[in-house]
Amino acid sequence: MIRSDLLQNIGGYIDGRWSPADSGAQSPVVNPATRELLANVPQMGRDETLRAVEAAEQSLCKPTSINKRRQWLAHIADLLVKHRDELGRIVTLENGKPLKEGKGEVDYAAGFFRYCAQHVTKLRSRKLKEQPRSHQWTVHYRPAGVAGLITPWNFPLAMIAKKLPAAIAADCPCVIKPAGQTPLSTIALVALIEEAGLPAGRINLVMGKAAEIGGVLCEHPSVRSISFTGSTEVGKTLARNVANHVKRLALELGGNAPFVVFDDADLELAADHLIQNKFRASGQTCVCTNRVYVQRGVADAFTSKLVERANRLKVGDGMLEDTDIGPLIDKAGFDKVRQHVEDALAQGARCVAGGMPPTPPENQGYFFPPTVMRNVGENSRCVIEETFGPLVPIIEFDKESDAITRANGTEYGLAAYVFTRDERRARRVIASLQFGHVGHNSGTGPTPEAPFGGMKQSGFGREGGIEGLMEFVEPQTEASAIVQH
Ligand code: ADP
């Protein structure tokens with residue numbers, strides 16, 4: 001069982017009180033590296049969520065000043081930094097990622113609170129310089145209402161940190177629903193928010209029966225916006241369920257990121273960036289490369305650089321100092337990667353690094369070696385679907401236009417990466433890519449300062465940047481007659 005000063009209360013948090021499930025039911029949280037039990041958390045449902053929404057609704061009636069919100073956001077950022085090591089440990093224990101990534105995730109999360117603290121003044125009312133129709137026009141940024149925030153397990157702290165600061169900045173009370181596999185980081189965050197002195201009802205936390213909780217958030221009239229990160233399938237369910245209630249929805253869904261290497265690219269750089277981009281969180285990120293397109297003339301050279309680097313990566317328990325790649329989150333995740341490897345092999349591909357691990361015994365995590373495949377067919381599952389694991393399929397191409405068509409040949413549009421030294425080619429290719437985030441000679445992912453989000457079936461809405469800050473506000477325009485004295 002996990003012991004932590006930040007987890008003195010393991011429960012939901014409703015109206016300023018830590019709460020068990022009404023039924024007393026609990027769900028286990030396990031360490032994916034060892035499959036040891038870390039904690040039992042309440043399995044809440046409809047009634048607890050209704051109370052959480054009602055508490056948030058009450059809080060909405062007590063608006064706070066921009067200055068107060070700025071102080072809260074800065075205070076939470078400071079607390080995250082202060083507890084960096086412990087939070088990083090909790091992230092690693094429940095998610096499995098290497099400890100250096102767990103601690104890096106805390107810095108990243110703190111960055112979103114810090115950014116919103118610094119820019120919340122952008123939500124001050126602004127008077128238009130123009131005075132059309134002899135009126136003084138003012139735009140007020142009103143809180144949209146209670147916000148439902150639903151997060152996945154792959155970044156247990158960062159995913160909520162991409163949503164919550166913007167909601168706090170907008171003065172929207174929240175109901176948070178973390179993923180069943182990784183609720184502990186959110187519980188620790190809420191403990192810090194309590195320490196930062198936010199009033200009861202402002203931030204509420206429920207966990208348990210996803211469809212019941214999601215149902216209340218979609219149907220309750222006081223919940224005016226839902227921000228969701230997770231699978232496309234659940235995103236579509238939410239889109240259907242909110243349609244009747246006409247509420248705001250921000251969806252950050254699956255990706256199928258292409259990584260395109262042209263023959264004029266710096267291959268060392270491209271290989272280094274691909275390794276960092278692809279194997280972070282064991283390949284379980286929505287921005288990590290899913291398929292690699294290499295121009296034919298450099299395919300052998302690039303592959304050997306990649307294989308050499310992939311073979312150096314150490315797979316193991318994230319708590320161990322020298323681990324580069326932790327386990328996959330669970331059996332379903334492991335089985336999916338295996339099926340993708342099997343399917344590619346059946347279609348003529350071959351493994352040039354890694355390969356198929358046996359099913360682990362009960363007391364061991366679902367570790368998967370970094371795997372590189374060549375001659376991968378375009379119709380392989382690992383090219384069409386998001387693998388969400390440490391598998392790199394390499395596909396060769398000849399012409400620039402061919403690379404663009406194939407890169408865009410997916411229903412997703414979250415992240416893409418392009419490596420070329422030719423600046424004009426880069427401009428052409430980037431402009432043609434239908435992805436919300438494009439790395440140019442870089443595999444870097446999102447940052448708190450820039451808007452991030454998807455095109456096509458990867459969703460809509462943005463997190464980060466000024467665009468992310470605006471997600472939870474309703475602009476209200478006031479046209480006041482100018483009285484002539
Ligand atoms: P993943 O494949 O990453 O687990 P999911 O989309 O299944 O992605 O889960 C992301 C989040 O959505 C989790 O917090 C999960 O509990 C929640 N969730 C799953 N089903 C629903 C639903 N019907 N309504 C609302 N939230 C849901």
# chains A, B, ... in the order shown; residues from 1 in each chain; ligands from 1

$ residues_near_ligand --ligand "ligand 1" --cutoff "10 Å" --atoms "only C-alpha atoms and all ligand atoms" --output "PyMOL selection string"
chain A and resi 148-156+176-183+207-218+226+228-238+241+252-254+284-286+329+332-333+388

$ residues_around --residues "Arg427 (chain A)" --least-positions-apart "6" --cutoff "12 Å" --atoms "only C-alpha atoms" --output "PDB file with N, CA, C and O atoms, in the first residue's frame"
ATOM      1  N   VAL A 418       8.136  16.586 -38.705  1.00  0.00           N
ATOM      2  CA  VAL A 418       8.766  16.636 -40.022  1.00  0.00           C
ATOM      3  C   VAL A 418      10.240  16.953 -39.857  1.00  0.00           C
ATOM      4  O   VAL A 418      10.599  17.928 -39.185  1.00  0.00           O
ATOM      5  N   PHE A 419      11.080  16.144 -40.467  1.00  0.00           N
ATOM      6  CA  PHE A 419      12.522  16.397 -40.411  1.00  0.00           C
ATOM      7  C   PHE A 419      13.050  16.652 -41.820  1.00  0.00           C
ATOM      8  O   PHE A 419      12.995  15.781 -42.683  1.00  0.00           O
ATOM      9  N   THR A 420      13.527  17.861 -42.042  1.00  0.00           N
ATOM     10  CA  THR A 420      14.136  18.247 -43.315  1.00  0.00           C
ATOM     11  C   THR A 420      15.011  19.466 -43.055  1.00  0.00           C
ATOM     12  O   THR A 420      14.707  20.283 -42.181  1.00  0.00           O
ATOM     13  N   ARG A 421      16.095  19.597 -43.839  1.00  0.00           N
ATOM     14  CA  ARG A 421      16.915  20.808 -43.694  1.00  0.00           C
ATOM     15  C   ARG A 421      16.464  21.893 -44.678  1.00  0.00           C
ATOM     16  O   ARG A 421      16.945  23.005 -44.644  1.00  0.00           O
ATOM     17  N   LEU A 433      -0.128  19.802 -43.664  1.00  0.00           N
ATOM     18  CA  LEU A 433      -0.447  18.775 -42.664  1.00  0.00           C
ATOM     19  C   LEU A 433      -1.677  19.167 -41.850  1.00  0.00           C
ATOM     20  O   LEU A 433      -1.746  20.286 -41.327  1.00  0.00           O
ATOM     21  N   VAL A 438       2.621  20.547 -34.910  1.00  0.00           N
ATOM     22  CA  VAL A 438       3.641  20.008 -35.823  1.00  0.00           C
ATOM     23  C   VAL A 438       5.028  20.326 -35.276  1.00  0.00           C
ATOM     24  O   VAL A 438       5.349  21.486 -34.991  1.00  0.00           O
ATOM     25  N   GLY A 439       5.851  19.301 -35.117  1.00  0.00           N
ATOM     26  CA  GLY A 439       7.243  19.495 -34.728  1.00  0.00           C
ATOM     27  C   GLY A 439       8.089  19.547 -35.995  1.00  0.00           C
ATOM     28  O   GLY A 439       7.974  18.670 -36.857  1.00  0.00           O
ATOM     29  N   HIS A 440       8.920  20.586 -36.105  1.00  0.00           N
ATOM     30  CA  HIS A 440       9.801  20.718 -37.276  1.00  0.00           C
ATOM     31  C   HIS A 440      11.237  20.506 -36.803  1.00  0.00           C
ATOM     32  O   HIS A 440      11.741  21.271 -35.981  1.00  0.00           O
TER      33      HIS A 440
END

$ select_by_dssp --residues "region 315-459 of chain A" --states "alpha helix (DSSP H)" --output "number ranges by chain"
A: 331-346, 381-384, 400-408, 423-432

$ closest_residue --among "A:Lys331, A:Arg338, A:His140, A:Arg280" --to "Gly104 (chain A)" --atoms "only C-alpha atoms"
A:Arg280

$ residues_around --residues "Asp322 (chain A)" --least-positions-apart "3" --cutoff "12 Å" --atoms "only C-alpha atoms" --output "VMD selection string"
chain A and resid 98 to 100 312 to 319 325 to 326

$ write_last_selection --atoms "all heavy atoms" --output "short mmCIF file (atom, residue, chain, number, x, y, z; two decimals), in the first residue's frame"
data_model
loop_
_atom_site.label_atom_id
_atom_site.label_comp_id
_atom_site.auth_asym_id
_atom_site.auth_seq_id
_atom_site.Cartn_x
_atom_site.Cartn_y
_atom_site.Cartn_z
N PRO A 98 8.93 6.08 -15.84
CA PRO A 98 10.16 6.28 -15.06
C PRO A 98 10.06 7.52 -14.17
O PRO A 98 9.43 8.52 -14.54
CB PRO A 98 11.23 6.48 -16.14
CG PRO A 98 10.68 5.83 -17.36
CD PRO A 98 9.19 6.00 -17.28
N LEU A 99 10.72 7.45 -13.01
CA LEU A 99 10.62 8.52 -12.02
C LEU A 99 11.04 9.88 -12.59
O LEU A 99 10.45 10.90 -12.27
CB LEU A 99 11.48 8.16 -10.80
CG LEU A 99 11.29 8.97 -9.54
CD1 LEU A 99 9.84 9.03 -9.11
CD2 LEU A 99 12.15 8.41 -8.42
N LYS A 100 12.05 9.86 -13.47
CA LYS A 100 12.46 11.17 -14.04
C LYS A 100 11.30 11.76 -14.86
O LYS A 100 11.10 12.98 -14.87
CB LYS A 100 13.75 11.06 -14.86
CG LYS A 100 13.72 10.04 -15.97
CD LYS A 100 15.12 9.78 -16.54
CE LYS A 100 15.03 8.62 -17.52
NZ LYS A 100 16.05 7.62 -17.46
N ARG A 312 19.53 0.31 -26.73
CA ARG A 312 20.21 0.79 -25.51
C ARG A 312 19.22 1.11 -24.38
O ARG A 312 19.61 1.30 -23.24
CB ARG A 312 21.01 2.07 -25.82
CG ARG A 312 22.34 1.81 -26.51
CD ARG A 312 23.31 2.96 -26.24
NE ARG A 312 22.81 4.24 -26.73
CZ ARG A 312 23.16 4.79 -27.90
NH1 ARG A 312 24.01 4.16 -28.69
NH2 ARG A 312 22.68 5.95 -28.26
N LEU A 313 17.93 1.22 -24.71
CA LEU A 313 16.95 1.62 -23.69
C LEU A 313 16.70 0.48 -22.71
O LEU A 313 16.57 -0.67 -23.10
CB LEU A 313 15.63 2.04 -24.37
CG LEU A 313 15.73 3.26 -25.28
CD1 LEU A 313 14.42 3.48 -26.01
CD2 LEU A 313 16.11 4.50 -24.49
N LYS A 314 16.58 0.87 -21.44
CA LYS A 314 16.40 -0.15 -20.40
C LYS A 314 14.93 -0.18 -19.98
O LYS A 314 14.36 0.85 -19.61
CB LYS A 314 17.31 0.23 -19.22
CG LYS A 314 17.27 -0.70 -18.09
CD LYS A 314 18.68 -1.16 -17.73
CE LYS A 314 18.74 -2.25 -16.69
NZ LYS A 314 17.61 -2.63 -15.96
N VAL A 315 14.36 -1.36 -20.06
CA VAL A 315 12.94 -1.53 -19.69
C VAL A 315 12.88 -2.03 -18.25
O VAL A 315 13.61 -2.96 -17.89
CB VAL A 315 12.26 -2.56 -20.62
CG1 VAL A 315 10.79 -2.72 -20.27
CG2 VAL A 315 12.40 -2.12 -22.08
N GLY A 316 12.04 -1.44 -17.42
CA GLY A 316 11.94 -1.93 -16.05
C GLY A 316 11.00 -1.11 -15.19
O GLY A 316 10.23 -0.28 -15.70
N ASP A 317 11.08 -1.36 -13.90
CA ASP A 317 10.26 -0.65 -12.92
C ASP A 317 10.67 0.83 -12.93
O ASP A 317 11.86 1.14 -12.79
CB ASP A 317 10.51 -1.27 -11.53
CG ASP A 317 9.60 -0.70 -10.46
OD1 ASP A 317 9.16 0.46 -10.60
OD2 ASP A 317 9.33 -1.41 -9.48
N GLY A 318 9.70 1.71 -13.09
CA GLY A 318 9.99 3.14 -13.18
C GLY A 318 10.68 3.70 -11.94
O GLY A 318 11.30 4.76 -12.00
N MET A 319 10.55 3.00 -10.81
CA MET A 319 11.17 3.51 -9.58
C MET A 319 12.68 3.26 -9.58
O MET A 319 13.39 3.83 -8.75
CB MET A 319 10.55 2.83 -8.35
CG MET A 319 9.11 3.22 -8.08
SD MET A 319 8.88 5.00 -7.87
CE MET A 319 9.66 5.27 -6.29
N ILE A 325 12.17 2.89 -19.86
CA ILE A 325 10.81 2.56 -20.29
C ILE A 325 10.14 1.71 -19.20
O ILE A 325 10.65 0.65 -18.83
CB ILE A 325 10.81 1.77 -21.61
CG1 ILE A 325 11.50 2.59 -22.71
CG2 ILE A 325 9.40 1.40 -22.04
CD1 ILE A 325 11.46 1.94 -24.08
N GLY A 326 9.02 2.19 -18.71
CA GLY A 326 8.28 1.44 -17.70
C GLY A 326 7.32 0.45 -18.35
O GLY A 326 7.36 0.23 -19.57
#

$ atom_distance --atom1 "CA of Thr186 (chain A)" --atom2 "CA of Leu73 (chain A)"
16.0 Å

$ atom_distance --atom1 "CA of Ile14 (chain A)" --atom2 "CA of Leu80 (chain A)"
21.6 Å

$ closest_residue --among "A:Pro63, A:Glu471, A:Pro369, A:Phe460" --to "Ser282 (chain A)" --atoms "only C-alpha atoms"
A:Pro369

$ atom_distance --atom1 "CA of Lys97 (chain A)" --atom2 "CA of Gly355 (chain A)"
20.4 Å

$ closest_residue --among "A:Val372, A:Glu467, A:Gly255, A:Asp398" --to "His437 (chain A)" --atoms "only C-alpha atoms"
A:Gly255

$ residues_around --residues "Glu194 (chain A)" --least-positions-apart "6" --cutoff "12 Å" --atoms "only C-alpha atoms" --output "NGL selection string"
:A and (6 or 9 or 13-18 or 72 or 75-76 or 79 or 187-188 or 200-205)

$ write_last_selection --atoms "N, CA, C and O atoms" --output "compact mmCIF listing (two decimals), in the first residue's frame"
# COMPACT_ATOMS: atom_id res chain seq x y z
N LEU A 6 0.84 13.28 1.20
CA LEU A 6 -0.16 13.94 0.33
C LEU A 6 -1.40 13.08 0.15
O LEU A 6 -2.34 13.49 -0.50
N ASN A 9 -5.88 11.54 2.98
CA ASN A 9 -7.29 11.25 2.73
C ASN A 9 -7.39 10.62 1.35
O ASN A 9 -7.08 11.28 0.36
N TYR A 13 -13.86 14.24 -3.05
CA TYR A 13 -13.83 15.51 -2.32
C TYR A 13 -15.03 16.31 -2.81
O TYR A 13 -15.08 16.73 -3.97
N ILE A 14 -16.01 16.43 -1.89
CA ILE A 14 -17.27 17.09 -2.29
C ILE A 14 -17.59 18.19 -1.28
O ILE A 14 -17.64 17.92 -0.07
N ASP A 15 -17.78 19.39 -1.78
CA ASP A 15 -18.13 20.54 -0.94
C ASP A 15 -17.13 20.72 0.22
O ASP A 15 -17.53 20.97 1.37
N GLY A 16 -15.87 20.56 -0.08
CA GLY A 16 -14.84 20.80 0.94
C GLY A 16 -14.64 19.66 1.92
O GLY A 16 -13.96 19.83 2.93
N ARG A 17 -15.23 18.52 1.66
CA ARG A 17 -15.05 17.37 2.57
C ARG A 17 -14.61 16.13 1.81
O ARG A 17 -15.11 15.84 0.72
N TRP A 18 -13.67 15.40 2.40
CA TRP A 18 -13.24 14.13 1.81
C TRP A 18 -14.35 13.11 2.02
O TRP A 18 -14.88 13.00 3.14
N TRP A 72 -4.44 32.20 -6.11
CA TRP A 72 -4.67 30.75 -5.97
C TRP A 72 -3.79 29.97 -6.95
O TRP A 72 -3.13 29.00 -6.58
N HIS A 75 -0.21 30.05 -6.01
CA HIS A 75 0.02 29.27 -4.79
C HIS A 75 0.04 27.76 -5.13
O HIS A 75 0.90 27.02 -4.66
N ILE A 76 -0.90 27.34 -5.94
CA ILE A 76 -0.93 25.90 -6.31
C ILE A 76 0.35 25.53 -7.07
O ILE A 76 0.95 24.49 -6.84
N LEU A 79 3.06 25.08 -4.63
CA LEU A 79 2.92 23.83 -3.85
C LEU A 79 3.32 22.62 -4.69
O LEU A 79 3.92 21.66 -4.18
N ILE A 187 -5.91 13.01 -6.38
CA ILE A 187 -6.24 13.16 -4.96
C ILE A 187 -5.16 14.02 -4.28
O ILE A 187 -5.46 14.94 -3.50
N ALA A 188 -3.89 13.74 -4.59
CA ALA A 188 -2.79 14.52 -4.01
C ALA A 188 -2.89 15.99 -4.44
O ALA A 188 -2.67 16.91 -3.63
N ALA A 200 -14.80 25.83 -0.10
CA ALA A 200 -15.56 24.59 -0.30
C ALA A 200 -16.45 24.71 -1.52
O ALA A 200 -17.04 25.77 -1.77
N GLY A 201 -16.52 23.64 -2.29
CA GLY A 201 -17.41 23.60 -3.45
C GLY A 201 -16.75 24.03 -4.74
O GLY A 201 -17.26 23.77 -5.83
N ARG A 202 -15.62 24.72 -4.63
CA ARG A 202 -14.97 25.25 -5.83
C ARG A 202 -14.36 24.11 -6.67
O ARG A 202 -14.54 24.04 -7.87
N ILE A 203 -13.67 23.20 -6.00
CA ILE A 203 -13.07 22.06 -6.69
C ILE A 203 -13.63 20.79 -6.05
O ILE A 203 -13.46 20.57 -4.85
N ASN A 204 -14.29 19.97 -6.83
CA ASN A 204 -14.87 18.72 -6.32
C ASN A 204 -14.30 17.55 -7.10
O ASN A 204 -13.98 17.69 -8.29
N LEU A 205 -14.18 16.44 -6.42
CA LEU A 205 -13.54 15.27 -7.05
C LEU A 205 -14.43 14.05 -6.84
O LEU A 205 -14.79 13.73 -5.70

$ select_by_dssp --residues "region 52-181 of chain A" --states "strand (DSSP E)" --output "ChimeraX atom specification"
/A:126-127,135-143,146-150,174-177

$ write_last_selection --atoms "N, CA, C and O atoms" --output "CSV table (one decimal), in the first residue's frame"
chain,number,residue,atom,x,y,z
A,126,ARG,N,-12.9,44.3,-21.2
A,126,ARG,CA,-12.2,45.3,-22.1
A,126,ARG,C,-13.1,46.1,-22.9
A,126,ARG,O,-14.1,45.6,-23.4
A,127,LYS,N,-12.8,47.4,-22.8
A,127,LYS,CA,-13.7,48.4,-23.6
A,127,LYS,C,-13.2,48.5,-25.0
A,127,LYS,O,-11.9,48.5,-25.2
A,135,HIS,N,-22.4,54.0,-28.9
A,135,HIS,CA,-22.5,53.3,-27.6
A,135,HIS,C,-21.1,53.0,-27.1
A,135,HIS,O,-20.1,52.9,-27.9
A,136,GLN,N,-20.9,52.8,-25.9
A,136,GLN,CA,-19.7,52.3,-25.3
A,136,GLN,C,-19.8,50.8,-25.3
A,136,GLN,O,-20.7,50.2,-24.6
A,137,TRP,N,-18.9,50.1,-26.0
A,137,TRP,CA,-19.0,48.6,-26.0
A,137,TRP,C,-17.9,48.0,-25.1
A,137,TRP,O,-16.7,48.4,-25.2
A,138,THR,N,-18.4,47.1,-24.3
A,138,THR,CA,-17.4,46.4,-23.3
A,138,THR,C,-17.6,44.9,-23.5
A,138,THR,O,-18.8,44.4,-23.6
A,139,VAL,N,-16.5,44.2,-23.4
A,139,VAL,CA,-16.6,42.7,-23.5
A,139,VAL,C,-16.2,42.2,-22.1
A,139,VAL,O,-15.1,42.5,-21.6
A,140,HIS,N,-17.1,41.5,-21.4
A,140,HIS,CA,-16.8,40.9,-20.1
A,140,HIS,C,-16.6,39.4,-20.4
A,140,HIS,O,-17.3,38.8,-21.2
A,141,TYR,N,-15.7,38.8,-19.6
A,141,TYR,CA,-15.5,37.4,-19.7
A,141,TYR,C,-16.1,36.7,-18.5
A,141,TYR,O,-15.5,36.7,-17.5
A,142,ARG,N,-17.3,36.2,-18.7
A,142,ARG,CA,-18.0,35.6,-17.6
A,142,ARG,C,-17.7,34.1,-17.5
A,142,ARG,O,-17.4,33.4,-18.5
A,143,PRO,N,-17.7,33.5,-16.3
A,143,PRO,CA,-17.5,32.1,-16.2
A,143,PRO,C,-18.6,31.3,-16.9
A,143,PRO,O,-19.8,31.7,-16.8
A,146,VAL,N,-20.5,25.7,-14.2
A,146,VAL,CA,-19.8,24.5,-13.6
A,146,VAL,C,-19.1,23.7,-14.7
A,146,VAL,O,-19.7,23.5,-15.8
A,147,ALA,N,-17.9,23.4,-14.5
A,147,ALA,CA,-17.1,22.6,-15.5
A,147,ALA,C,-16.9,21.2,-15.1
A,147,ALA,O,-16.5,20.9,-13.9
A,148,GLY,N,-17.1,20.3,-16.0
A,148,GLY,CA,-16.8,18.8,-15.7
A,148,GLY,C,-15.5,18.5,-16.4
A,148,GLY,O,-15.3,18.8,-17.6
A,149,LEU,N,-14.5,18.0,-15.7
A,149,LEU,CA,-13.2,17.7,-16.2
A,149,LEU,C,-12.9,16.2,-16.1
A,149,LEU,O,-12.8,15.7,-15.0
A,150,ILE,N,-12.8,15.6,-17.2
A,150,ILE,CA,-12.6,14.1,-17.2
A,150,ILE,C,-11.2,13.8,-17.8
A,150,ILE,O,-10.9,14.2,-19.0
A,174,CYS,N,-15.5,23.4,-10.4
A,174,CYS,CA,-15.3,22.2,-11.2
A,174,CYS,C,-15.7,20.9,-10.5
A,174,CYS,O,-15.7,20.8,-9.2
A,175,VAL,N,-16.1,19.9,-11.3
A,175,VAL,CA,-16.2,18.5,-10.8
A,175,VAL,C,-15.2,17.7,-11.6
A,175,VAL,O,-15.3,17.7,-12.9
A,176,ILE,N,-14.2,17.1,-11.0
A,176,ILE,CA,-13.2,16.4,-11.6
A,176,ILE,C,-13.4,14.9,-11.6
A,176,ILE,O,-13.8,14.4,-10.5
A,177,LYS,N,-13.2,14.2,-12.7
A,177,LYS,CA,-13.3,12.7,-12.7
A,177,LYS,C,-12.0,12.2,-13.3
A,177,LYS,O,-11.8,12.3,-14.5

$ residues_around --residues "Val383 (chain A)" --least-positions-apart "5" --cutoff "8 Å" --atoms "only C-alpha atoms" --output "PDB file with N, CA, C and O atoms, in the first residue's frame"
ATOM      1  N   ASN A 256      -2.706   9.777 -34.226  1.00  0.00           N
ATOM      2  CA  ASN A 256      -2.017   8.740 -35.012  1.00  0.00           C
ATOM      3  C   ASN A 256      -0.854   9.463 -35.692  1.00  0.00           C
ATOM      4  O   ASN A 256      -0.852   9.661 -36.907  1.00  0.00           O
ATOM      5  N   ASN A 290       3.249   7.441 -34.113  1.00  0.00           N
ATOM      6  CA  ASN A 290       2.624   6.130 -34.286  1.00  0.00           C
ATOM      7  C   ASN A 290       3.191   5.427 -35.524  1.00  0.00           C
ATOM      8  O   ASN A 290       3.230   4.216 -35.593  1.00  0.00           O
ATOM      9  N   ARG A 291       3.611   6.216 -36.531  1.00  0.00           N
ATOM     10  CA  ARG A 291       4.133   5.625 -37.769  1.00  0.00           C
ATOM     11  C   ARG A 291       5.231   6.533 -38.304  1.00  0.00           C
ATOM     12  O   ARG A 291       5.124   7.759 -38.222  1.00  0.00           O
ATOM     13  N   GLY A 377       3.261  -2.892 -43.881  1.00  0.00           N
ATOM     14  CA  GLY A 377       2.233  -2.624 -44.902  1.00  0.00           C
ATOM     15  C   GLY A 377       1.327  -1.478 -44.482  1.00  0.00           C
ATOM     16  O   GLY A 377       1.019  -1.320 -43.298  1.00  0.00           O
ATOM     17  N   GLU A 378       0.890  -0.685 -45.458  1.00  0.00           N
ATOM     18  CA  GLU A 378       0.043   0.493 -45.177  1.00  0.00           C
ATOM     19  C   GLU A 378      -1.275   0.127 -44.505  1.00  0.00           C
ATOM     20  O   GLU A 378      -1.888   0.961 -43.849  1.00  0.00           O
ATOM     21  N   PRO A 393       6.683   1.432 -36.401  1.00  0.00           N
ATOM     22  CA  PRO A 393       6.621   0.860 -37.749  1.00  0.00           C
ATOM     23  C   PRO A 393       7.272   1.816 -38.750  1.00  0.00           C
ATOM     24  O   PRO A 393       6.948   3.006 -38.771  1.00  0.00           O
TER      25      PRO A 393
END

$ residues_around --residues "Pro327 (chain A)" --least-positions-apart "3" --cutoff "6 Å" --atoms "only C-alpha atoms" --output "compact mmCIF listing (two decimals) with N, CA and C atoms, in the first residue's frame"
# COMPACT_ATOMS: atom_id res chain seq x y z
N ALA A 33 3.90 -1.73 -12.45
CA ALA A 33 5.21 -2.39 -12.57
C ALA A 33 5.27 -3.69 -11.78
N GLY A 96 3.44 3.98 -13.73
CA GLY A 96 4.52 3.11 -14.19
C GLY A 96 5.65 3.82 -14.90
N GLY A 365 4.79 -6.72 -14.06
CA GLY A 365 4.12 -5.75 -14.92
C GLY A 365 4.12 -6.18 -16.39
N TYR A 366 3.36 -5.44 -17.17
CA TYR A 366 3.26 -5.73 -18.61
C TYR A 366 4.34 -4.95 -19.36
N PHE A 367 5.56 -5.46 -19.26
CA PHE A 367 6.69 -4.79 -19.91
C PHE A 367 6.76 -5.20 -21.37

$ residues_around --residues "His340 (chain A)" --least-positions-apart "4" --cutoff "12 Å" --atoms "only C-alpha atoms" --output "ChimeraX atom specification"
/A:290,333-336,344-347,349,355-356,371,373,376-377,379-393

$ closest_residue --among "A:Arg425, A:His273, A:Gly88, A:Ala257" --to "Tyr412 (chain A)" --atoms "only C-alpha atoms"
A:Ala257
